[in-house]
Amino acid sequence: MPLGWVRREPLVVQPPPTDAVPQAQLRAMMQGAAPRIMAILNATPDSFSDGGLFFAQQRLQLDRVIDRAAQLIAQGADLLDIGGESTRPGAATVAVEEELARVVPVIEALAARFEVPLSVDTSAPSVMRAAVAAGASLINDVRALTRPQALETAAELVREVGVFVCLMHSRGEPTTMDALAQYEAVVPQVQAELVQRVQAAQAVGIAARQIVLDPGFGFAKNTPQNYALLRGLPQLAALGFPLLVGLSRKRMIGEVLGVPPSARGLGSAILAALAVERGARIVRVHDVAETAQALRLVRALQHESD
Ligand code: YH5
């Protein structure tokens, strides 16, 4: 029995996977002028639980995730990013069966209840497929489709369901990437390495209009390199792909302010605003209410509304 949640009966009837409504919503988000908020929703078991949960407790966990999602949406989340594997630098990888057991019931439950598009944070082809069948419309892969069969699987899902894919810049694996944070010029190198992933995606038939790019703050980059990248964001935006950025609570905030992750909400909202001002279209965040305020102020400054 895999760890995590196990759904024992269908919660609500699922829409068919070809239902293009969330994809159309995502398309509008990509094309519209307003910046959008992607809220982080962890489908990892609580630190106090050992993962070997009884069914009742698993259902309770699922109920808690649903409540949390409702709260994030009420605060202004436009998109929910569901991840079952910790992709933090240095984190251990999770078995695919475990990832599936964590992520799929959550996506099914959220797709049945909410209208916001759902994103799946995964690098595993089987998780991509199952998550999309369960209702996810964006594949957020911090490994930019580098795992075996990831490109082919994503291409199939793009063709069949019209999903979007986010290609994030990184180097190596979470355990090795800190040693790979070496650049002569971080902005052009990250740009060139992202373009290589775009070309790999296009080579298997993924259309440019389905691609979102992400510079991968904190992934194989030290703090000065992360700020150089934020400064150079307009150059990445000039590639013409919508940009997604994840700055929320990261070490680049902690190292400057000297505060722990729990006290990085203000810093995160400020960097989200600065990233949007420099061309980011989607910000991936923990603190949705604060970010929504920050982005409304950016919009007021830019004097645009949609
Ligand atoms: C991202 O940038 N990041 S997981 C360390 C922290 C805080 C947060 C306390 N998935 C990204 O959020 N997906 C992650 O220190 C992502 N872009 C995209 N597309 C890392 C994370 C975090 C790490």
# chains A, B, ... in the order shown; residues from 1 in each chain; ligands from 1

$ select_by_dssp --residues "stretch 66-302 of chain A" --states "strand (DSSP E or B)" --output "count of residues only"
30

$ select_by_dssp --residues "stretch 107-202 of chain A" --states "alpha helix (DSSP H)" --output "PyMOL selection string"
chain A and resi 107-113+125-134+150-161+186-202

$ closest_atom_pairs --of "chain A" --to "ligand 1" --cutoff "6 Å" --atoms "only C-alpha atoms and all ligand atoms" --output "CSV"
residue,atom,partner,partner_atom_place_in_ligand_line,distance
A:Thr87,CA,ligand 1,4 (S),4.6
A:Arg88,CA,ligand 1,20 (C),4.4
A:Asn140,CA,ligand 1,19 (N),5.5
A:Val142,CA,ligand 1,13 (N),5.5
A:Met168,CA,ligand 1,19 (N),5.7
A:Asp214,CA,ligand 1,19 (N),5.9
A:Gly216,CA,ligand 1,2 (O),4.6
A:Phe217,CA,ligand 1,2 (O),5.1
A:Val245,CA,ligand 1,2 (O),5.6
A:Gly246,CA,ligand 1,2 (O),3.4
A:Ser248,CA,ligand 1,8 (C),5.8
A:Arg249,CA,ligand 1,7 (C),4.6
A:Lys250,CA,ligand 1,15 (O),4.0
A:Arg251,CA,ligand 1,15 (O),5.3
A:Pro261,CA,ligand 1,9 (C),4.9

$ write_last_selection --atoms "C-alpha atoms" --output "PDB file, in the first residue's frame"
ATOM      1  CA  THR A  87      11.693  19.939  -4.778  1.00  0.00           C
ATOM      2  CA  ARG A  88      13.613  22.024  -2.280  1.00  0.00           C
ATOM      3  CA  ASN A 140       5.189  22.361 -13.794  1.00  0.00           C
ATOM      4  CA  VAL A 142      11.451  21.852 -12.204  1.00  0.00           C
ATOM      5  CA  MET A 168      12.159  25.754 -15.323  1.00  0.00           C
ATOM      6  CA  ASP A 214      10.823  29.980 -15.426  1.00  0.00           C
ATOM      7  CA  GLY A 216      14.332  28.801 -11.469  1.00  0.00           C
ATOM      8  CA  PHE A 217      15.268  31.084  -8.599  1.00  0.00           C
ATOM      9  CA  VAL A 245       8.741  32.990 -11.172  1.00  0.00           C
ATOM     10  CA  GLY A 246       9.051  31.337  -7.784  1.00  0.00           C
ATOM     11  CA  SER A 248       8.405  32.893  -2.289  1.00  0.00           C
ATOM     12  CA  ARG A 249      10.194  32.495   1.071  1.00  0.00           C
ATOM     13  CA  LYS A 250      13.407  31.498  -0.644  1.00  0.00           C
ATOM     14  CA  ARG A 251      16.925  31.776   0.698  1.00  0.00           C
ATOM     15  CA  PRO A 261      11.010  31.203   6.106  1.00  0.00           C
TER      16      PRO A 261
END

$ residues_around --residues "A:Leu62" --least-positions-apart "4" --cutoff "7 Å" --atoms "only C-alpha atoms" --output "list in words"
Gln58, Ile66 and Val106 of chain A

$ atom_distance --atom1 "atom CA of A:Thr122" --atom2 "atom CA of A:Gly84"
7.7 Å

$ closest_residue --among "A:Leu145, A:Ala112, A:Val212, A:Ala43" --to "A:Leu100" --atoms "only C-alpha atoms"
A:Ala43

$ closest_residue --among "A:Ala150, A:Leu26, A:Ile40, A:Met252" --to "A:Pro117" --atoms "only C-alpha atoms"
A:Leu26

$ closest_residue --among "A:Gln199, A:Ala24, A:His286, A:Gln31" --to "A:Leu80" --atoms "only C-alpha atoms"
A:His286
